[in-house]
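Asks: Structure supplied as my_file_14.cif; contents: mmCIF, C-alpha atoms.
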data_final
#
loop_
_atom_site.group_PDB
_atom_site.id
_atom_site.type_symbol
_atom_site.label_atom_id
_atom_site.label_comp_id
_atom_site.auth_asym_id
_atom_site.auth_seq_id
_atom_site.Cartn_x
_atom_site.Cartn_y
_atom_site.Cartn_z
ATOM 1 C CA MET A 1 -3.724 -2.389 26.635
ATOM 2 C CA LEU A 2 -5.354 -3.307 23.355
ATOM 3 C CA LYS A 3 -8.835 -4.753 23.378
ATOM 4 C CA GLU A 4 -9.105 -8.175 21.749
ATOM 5 C CA LYS A 5 -11.240 -6.983 18.790
ATOM 6 C CA VAL A 6 -8.852 -4.129 18.018
ATOM 7 C CA GLU A 7 -5.788 -6.366 18.315
ATOM 8 C CA LYS A 8 -7.330 -8.918 15.938
ATOM 9 C CA ALA A 9 -8.231 -6.211 13.409
ATOM 10 C CA LEU A 10 -4.734 -4.690 13.589
ATOM 11 C CA ASN A 11 -3.220 -8.124 12.968
ATOM 12 C CA GLU A 12 -5.477 -8.486 9.926
ATOM 13 C CA GLN A 13 -4.243 -5.093 8.731
ATOM 14 C CA ILE A 14 -0.623 -6.242 9.064
ATOM 15 C CA ASN A 15 -1.509 -9.160 6.794
ATOM 16 C CA ALA A 16 -3.176 -6.784 4.308
ATOM 17 C CA GLU A 17 -0.118 -4.515 4.283
ATOM 18 C CA LEU A 18 2.225 -7.480 3.750
ATOM 19 C CA TYR A 19 -0.025 -8.735 0.943
ATOM 20 C CA SER A 20 0.121 -5.235 -0.554
ATOM 21 C CA ALA A 21 3.918 -5.414 -0.578
ATOM 22 C CA TYR A 22 3.745 -8.853 -2.186
ATOM 23 C CA LEU A 23 1.267 -7.626 -4.818
ATOM 24 C CA TYR A 24 3.384 -4.572 -5.667
ATOM 25 C CA GLN A 25 6.490 -6.742 -5.924
ATOM 26 C CA SER A 26 4.585 -8.958 -8.361
ATOM 27 C CA MET A 27 3.665 -5.859 -10.362
ATOM 28 C CA ALA A 28 7.325 -4.785 -10.330
ATOM 29 C CA ALA A 29 8.333 -8.200 -11.683
ATOM 30 C CA TYR A 30 5.715 -7.874 -14.423
ATOM 31 C CA PHE A 31 7.167 -4.514 -15.487
ATOM 32 C CA GLU A 32 10.744 -5.820 -15.309
ATOM 33 C CA ASN A 33 9.699 -8.559 -17.714
ATOM 34 C CA LYS A 34 8.282 -5.872 -20.052
ATOM 35 C CA SER A 35 11.586 -3.909 -19.927
ATOM 36 C CA LEU A 36 9.871 -0.998 -18.194
ATOM 37 C CA ALA A 37 12.442 -0.362 -15.482
ATOM 38 C CA GLY A 38 10.879 2.925 -14.358
ATOM 39 C CA PHE A 39 7.481 1.336 -13.841
ATOM 40 C CA ALA A 40 9.191 -1.543 -12.025
ATOM 41 C CA GLN A 41 11.117 0.849 -9.771
ATOM 42 C CA TRP A 42 7.918 2.724 -8.920
ATOM 43 C CA MET A 43 6.301 -0.563 -7.865
ATOM 44 C CA ASP A 44 9.432 -1.601 -5.934
ATOM 45 C CA ARG A 45 9.186 1.639 -3.954
ATOM 46 C CA GLN A 46 5.493 1.000 -3.383
ATOM 47 C CA ALA A 47 6.311 -2.477 -2.029
ATOM 48 C CA ASP A 48 8.912 -0.931 0.299
ATOM 49 C CA GLU A 49 6.324 1.516 1.645
ATOM 50 C CA GLU A 50 3.838 -1.251 2.354
ATOM 51 C CA MET A 51 6.461 -3.132 4.372
ATOM 52 C CA ILE A 52 7.026 0.015 6.427
ATOM 53 C CA HIS A 53 3.275 0.315 6.998
ATOM 54 C CA ALA A 54 3.099 -3.297 8.213
ATOM 55 C CA ARG A 55 6.023 -2.662 10.563
ATOM 56 C CA LYS A 56 4.378 0.445 12.021
ATOM 57 C CA ILE A 57 1.303 -1.563 12.957
ATOM 58 C CA TYR A 58 3.464 -4.435 14.237
ATOM 59 C CA ASP A 59 5.378 -2.042 16.503
ATOM 60 C CA PHE A 60 2.181 -0.326 17.674
ATOM 61 C CA ILE A 61 0.603 -3.629 18.732
ATOM 62 C CA ASN A 62 3.721 -4.454 20.750
ATOM 63 C CA GLU A 63 3.884 -0.973 22.287
ATOM 64 C CA ARG A 64 0.283 -1.353 23.463
ATOM 65 C CA GLY A 65 0.940 -4.718 25.115
ATOM 66 C CA GLY A 66 -0.755 -6.736 22.402
ATOM 67 C CA ARG A 67 0.434 -9.785 20.531
ATOM 68 C CA VAL A 68 1.305 -9.860 16.855
ATOM 69 C CA ILE A 69 -0.038 -12.963 15.133
ATOM 70 C CA LEU A 70 1.167 -13.343 11.567
ATOM 71 C CA SER A 71 -0.876 -15.380 9.116
ATOM 72 C CA GLY A 72 -0.371 -16.673 5.588
ATOM 73 C CA ILE A 73 -0.128 -14.226 2.721
ATOM 74 C CA GLU A 74 -2.313 -14.850 -0.300
ATOM 75 C CA LYS A 75 -0.607 -15.421 -3.661
ATOM 76 C CA PRO A 76 -0.750 -12.211 -5.710
ATOM 77 C CA LYS A 77 -1.877 -11.861 -9.286
ATOM 78 C CA ASN A 78 1.081 -11.958 -11.705
ATOM 79 C CA GLU A 79 -0.377 -11.413 -15.182
ATOM 80 C CA TRP A 80 -2.121 -8.388 -16.616
ATOM 81 C CA ASN A 81 -3.394 -7.486 -20.080
ATOM 82 C CA SER A 82 -1.866 -4.011 -20.112
ATOM 83 C CA ASN A 83 0.146 -1.481 -18.139
ATOM 84 C CA LEU A 84 -3.079 0.394 -17.530
ATOM 85 C CA GLU A 85 -4.691 -2.709 -16.029
ATOM 86 C CA VAL A 86 -1.806 -3.051 -13.564
ATOM 87 C CA PHE A 87 -2.381 0.465 -12.267
ATOM 88 C CA GLU A 88 -6.165 0.087 -12.296
ATOM 89 C CA ASP A 89 -5.686 -3.005 -10.117
ATOM 90 C CA SER A 90 -3.344 -1.000 -7.916
ATOM 91 C CA LEU A 91 -5.940 1.748 -7.513
ATOM 92 C CA ALA A 92 -8.681 -0.782 -6.697
ATOM 93 C CA HIS A 93 -6.362 -2.359 -4.145
ATOM 94 C CA GLU A 94 -5.596 1.000 -2.507
ATOM 95 C CA GLU A 95 -9.330 1.714 -2.318
ATOM 96 C CA LYS A 96 -9.793 -1.652 -0.571
ATOM 97 C CA ILE A 97 -7.008 -0.797 1.909
ATOM 98 C CA THR A 98 -8.615 2.597 2.530
ATOM 99 C CA ALA A 99 -11.896 0.868 3.378
ATOM 100 C CA MET A 100 -10.054 -1.443 5.789
ATOM 101 C CA ILE A 101 -8.339 1.506 7.502
ATOM 102 C CA ASN A 102 -11.684 3.295 7.782
ATOM 103 C CA LYS A 103 -13.216 0.197 9.406
ATOM 104 C CA LEU A 104 -10.314 0.117 11.861
ATOM 105 C CA VAL A 105 -10.916 3.764 12.789
ATOM 106 C CA SER A 106 -14.612 3.018 13.318
ATOM 107 C CA LEU A 107 -13.768 -0.006 15.465
ATOM 108 C CA ALA A 108 -11.311 2.003 17.555
ATOM 109 C CA ASP A 109 -14.009 4.630 18.036
ATOM 110 C CA GLU A 110 -16.632 1.999 19.016
ATOM 111 C CA GLU A 111 -14.184 0.427 21.474
ATOM 112 C CA LYS A 112 -13.234 3.861 22.847
ATOM 113 C CA ASP A 113 -9.603 3.080 22.020
ATOM 114 C CA TYR A 114 -8.432 6.622 21.452
ATOM 115 C CA ALA A 115 -4.739 5.745 21.257
ATOM 116 C CA THR A 116 -5.400 3.431 18.311
ATOM 117 C CA LYS A 117 -7.699 5.979 16.699
ATOM 118 C CA SER A 118 -4.965 8.619 16.995
ATOM 119 C CA PHE A 119 -2.364 6.190 15.601
ATOM 120 C CA LEU A 120 -4.581 5.404 12.610
ATOM 121 C CA LYS A 121 -4.927 9.069 11.588
ATOM 122 C CA TRP A 122 -1.562 8.836 9.836
ATOM 123 C CA PHE A 123 -2.824 5.864 7.804
ATOM 124 C CA VAL A 124 -6.031 7.708 6.856
ATOM 125 C CA ASP A 125 -3.946 10.598 5.526
ATOM 126 C CA GLU A 126 -1.514 8.213 3.815
ATOM 127 C CA GLN A 127 -4.345 6.488 1.945
ATOM 128 C CA VAL A 128 -5.522 9.810 0.499
ATOM 129 C CA GLU A 129 -1.997 10.268 -0.891
ATOM 130 C CA GLU A 130 -1.800 6.652 -2.134
ATOM 131 C CA GLU A 131 -5.082 6.815 -4.038
ATOM 132 C CA ASP A 132 -4.196 10.201 -5.507
ATOM 133 C CA SER A 133 -0.757 9.150 -6.789
ATOM 134 C CA VAL A 134 -1.999 5.889 -8.328
ATOM 135 C CA GLY A 135 -5.088 7.616 -9.758
ATOM 136 C CA GLU A 136 -2.878 10.202 -11.430
ATOM 137 C CA ILE A 137 -0.848 7.452 -13.123
ATOM 138 C CA VAL A 138 -4.055 5.733 -14.284
ATOM 139 C CA ASP A 139 -5.227 9.023 -15.802
ATOM 140 C CA LYS A 140 -1.897 9.561 -17.567
ATOM 141 C CA LEU A 141 -1.811 6.011 -18.927
ATOM 142 C CA LYS A 142 -5.283 6.603 -20.374
ATOM 143 C CA LEU A 143 -4.044 9.815 -22.012
ATOM 144 C CA VAL A 144 -0.940 8.090 -23.395
ATOM 145 C CA GLY A 145 -2.997 5.263 -24.869
ATOM 146 C CA ASP A 146 -0.951 3.313 -27.416
ATOM 147 C CA SER A 147 1.776 5.938 -27.754
ATOM 148 C CA THR A 148 5.174 4.268 -27.397
ATOM 149 C CA GLN A 149 6.809 7.662 -26.945
ATOM 150 C CA GLY A 150 4.363 8.540 -24.157
ATOM 151 C CA LEU A 151 5.011 5.198 -22.466
ATOM 152 C CA PHE A 152 8.780 5.761 -22.537
ATOM 153 C CA MET A 153 8.325 9.261 -21.124
ATOM 154 C CA MET A 154 6.202 7.866 -18.295
ATOM 155 C CA ASP A 155 8.759 5.126 -17.661
ATOM 156 C CA ASP A 156 11.471 7.779 -17.260
ATOM 157 C CA LYS A 157 9.256 9.854 -14.960
ATOM 158 C CA LEU A 158 8.300 6.894 -12.762
ATOM 159 C CA ALA A 159 11.989 5.955 -12.450
ATOM 160 C CA GLU A 160 12.491 9.218 -10.534
ATOM 161 C CA ARG A 161 10.678 7.862 -7.488
ATOM 162 C CA LYS A 162 13.264 7.548 -4.756
ATOM 163 C CA LYS A 163 13.565 4.848 -2.136
ATOM 164 C CA THR A 164 11.422 5.582 0.905
ATOM 165 C CA ASN A 165 13.310 6.508 4.035
ATOM 166 C CA ALA A 166 11.688 4.855 7.058
ATOM 167 C CA ALA A 167 12.264 8.041 9.042
ATOM 168 C CA GLU A 168 10.196 9.995 6.501
ATOM 169 C CA GLU A 169 7.368 7.520 7.026
ATOM 170 C CA SER A 170 7.237 8.012 10.794
ATOM 171 C CA VAL A 171 3.913 8.443 12.503
ATOM 172 C CA GLU A 172 3.677 11.945 13.854
#
Could I get this structure in the form of structure tokens?

Replies:
Amino acid sequence: MLKEKVEKALNEQINAELYSAYLYQSMAAYFENKSLAGFAQWMDRQADEEMIHARKIYDFINERGGRVILSGIEKPKNEWNSNLEVFEDSLAHEEKITAMINKLVSLADEEKDYATKSFLKWFVDEQVEEEDSVGEIVDKLKLVGDSTQGLFMMDDKLAERKKTNAAEESVE
């Protein structure tokens, strides 16, 4: 059975994950409007992943006898000054999510909720990967600068990101 503080924090994390999906979908729409289909596809895939993350937490709460309480999702930003700014915002957002996950792990530890702590290990590892992949794109966008050719090459590369299979995202 989930303790009340842990259940509340997990519900807040569901909201954060759903907001993440909403934010990434807004970023995808921004790139679609800029005719950067590869960038848009990358963000679409990111939004898909965030929905899977929210669902994992949703299912975990139910498995532990808790109650999922959904709350309103904040409106995401929809305008940026550059492609680089979009990914810098994405990186800052992933760092914020990492901090939230870390707080959840600490709370689970304080509450001696070892099942939740074990469950959250996957998210800790996932956030390392998330920050690394977005950080790499930020670095490349800085290298590309104003190069149209470099931007088109990155757009082609980002288009290679495949749709996430929910089974591949399973918690082990």

Asks: Let me make sure I understand: among A:Gln149, A:Arg64, A:Gln13, A:Glu4, which one has the smallest atom-to-atom distance to Met100 (chain A) if we use only C-alpha atoms?

Replies: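 Using only C-alpha atoms, Met100 (chain A) sits closest to A:Gln13.
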
Asks: Extract, using only C-alpha atoms, all DNA, RNA and protein residues at most 8 Å from Val124 (chain A), discarding same-chain residues fewer than 2 positions from it, and format them as a list in words.

Replies: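 So, after excluding close chain neighbours, the residues are Thr98, Ile101, Asn102, Leu120, Lys121, Trp122, Glu126, Gln127 and Val128 of chain A.
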
Asks: Would you mind listing, for every residue of region 4-24 of chain A within 6 Å of region 47-62 of chain A, the two atoms forming the shortest contact and the distance between them in Å to one decimal, using all atoms listed in the file, sorted by chain and ascending residue number, as a tab-separated table?

Replies:
residue	atom	partner	partner_atom	distance
A:Ile14	CA	A:Ala54	CA	4.8
A:Glu17	CA	A:Ala54	CA	5.2
A:Ala21	CA	A:Ala47	CA	4.1
A:Tyr24	CA	A:Ala47	CA	5.1

Asks: Give the answer as one residue: which of A:Ser82, A:Glu7, A:Ser133, A:Ala99 has the shortest atom-to-atom distance to Leu158 (chain A), using all atoms listed in the file?

Replies: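 Ranked by minimum distance to Leu158 (chain A), first place goes to A:Ser133.
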
Asks: Quick one: residues within 12 Å of Met153 (chain A), all atoms listed in the file, excluding same-chain residues fewer than 6 positions away - as number ranges by chain?

Replies: A: 36-39, 140-141, 144, 147, 159-160

Asks: Return the single residue from A:Met1, A:Leu18, A:Leu143, A:Val134 that is closest to Glu94 (chain A), with distances computed using all atoms listed in the file.

Replies: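 With all atoms listed in the file as the atom set, the closest residue is A:Val134.
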
Asks: Quick check, in Å to one decimal: how far apart do CA of Phe87 (chain A) and CA of Ile137 (chain A) lie?

Replies: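 Pair CA of Phe87 (chain A) / CA of Ile137 (chain A) returns 7.2 Å.
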
Asks: I need the residue set behind the PyMOL selection byres ((chain A and resi 92) around 12) for this file; please write it as a count of residues only.

Replies: 21

Asks: Provide the CA of Gly66 (chain A) to CA of Leu2 (chain A) distance in Å, to one decimal place.

Replies: 5.8 Å

Asks: For CA of Ala108 (chain A) and CA of Gly72 (chain A), quote the distance in Å rounded to one decimal.

Replies: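 Pair CA of Ala108 (chain A) / CA of Gly72 (chain A) returns 24.7 Å.
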
Asks: As a check of understanding, name the residues that the PyMOL selection byres ((chain A and resi 45) around 8) selects in the supplied structure, as a tab-separated table (two decimals) with C-alpha atoms, keeping the file's coordinate frame.

Replies:
chain	number	residue	atom	x	y	z
A	41	GLN	CA	11.12	0.85	-9.77
A	42	TRP	CA	7.92	2.72	-8.92
A	43	MET	CA	6.30	-0.56	-7.86
A	44	ASP	CA	9.43	-1.60	-5.93
A	46	GLN	CA	5.49	1.00	-3.38
A	47	ALA	CA	6.31	-2.48	-2.03
A	48	ASP	CA	8.91	-0.93	0.30
A	49	GLU	CA	6.32	1.52	1.64
A	161	ARG	CA	10.68	7.86	-7.49
A	162	LYS	CA	13.26	7.55	-4.76
A	163	LYS	CA	13.56	4.85	-2.14
A	164	THR	CA	11.42	5.58	0.90

Asks: Measuring between only C-alpha atoms, which one of A:Asn15, A:Glu129, A:Lys5, A:Asn83 shows the shortest distance to Glu110 (chain A)?

Replies: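 Going through A:Asn15, A:Glu129, A:Lys5, A:Asn83 one by one, the smallest distance to Glu110 (chain A) is for A:Lys5.
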
Asks: Measuring atom to atom with all atoms listed in the file, identify which of A:Ser106, A:Asn11, A:Asn78, A:Ser71 is nearest to Ser26 (chain A).

Replies: A:Asn78

Asks: Between A:Glu79, A:Asp155, A:Glu74, A:Thr116, which is the closest to Leu10 (chain A) once you count all atoms listed in the file?

Replies: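 When distances to Leu10 (chain A) are compared using all atoms listed in the file, the smallest one comes from A:Thr116.
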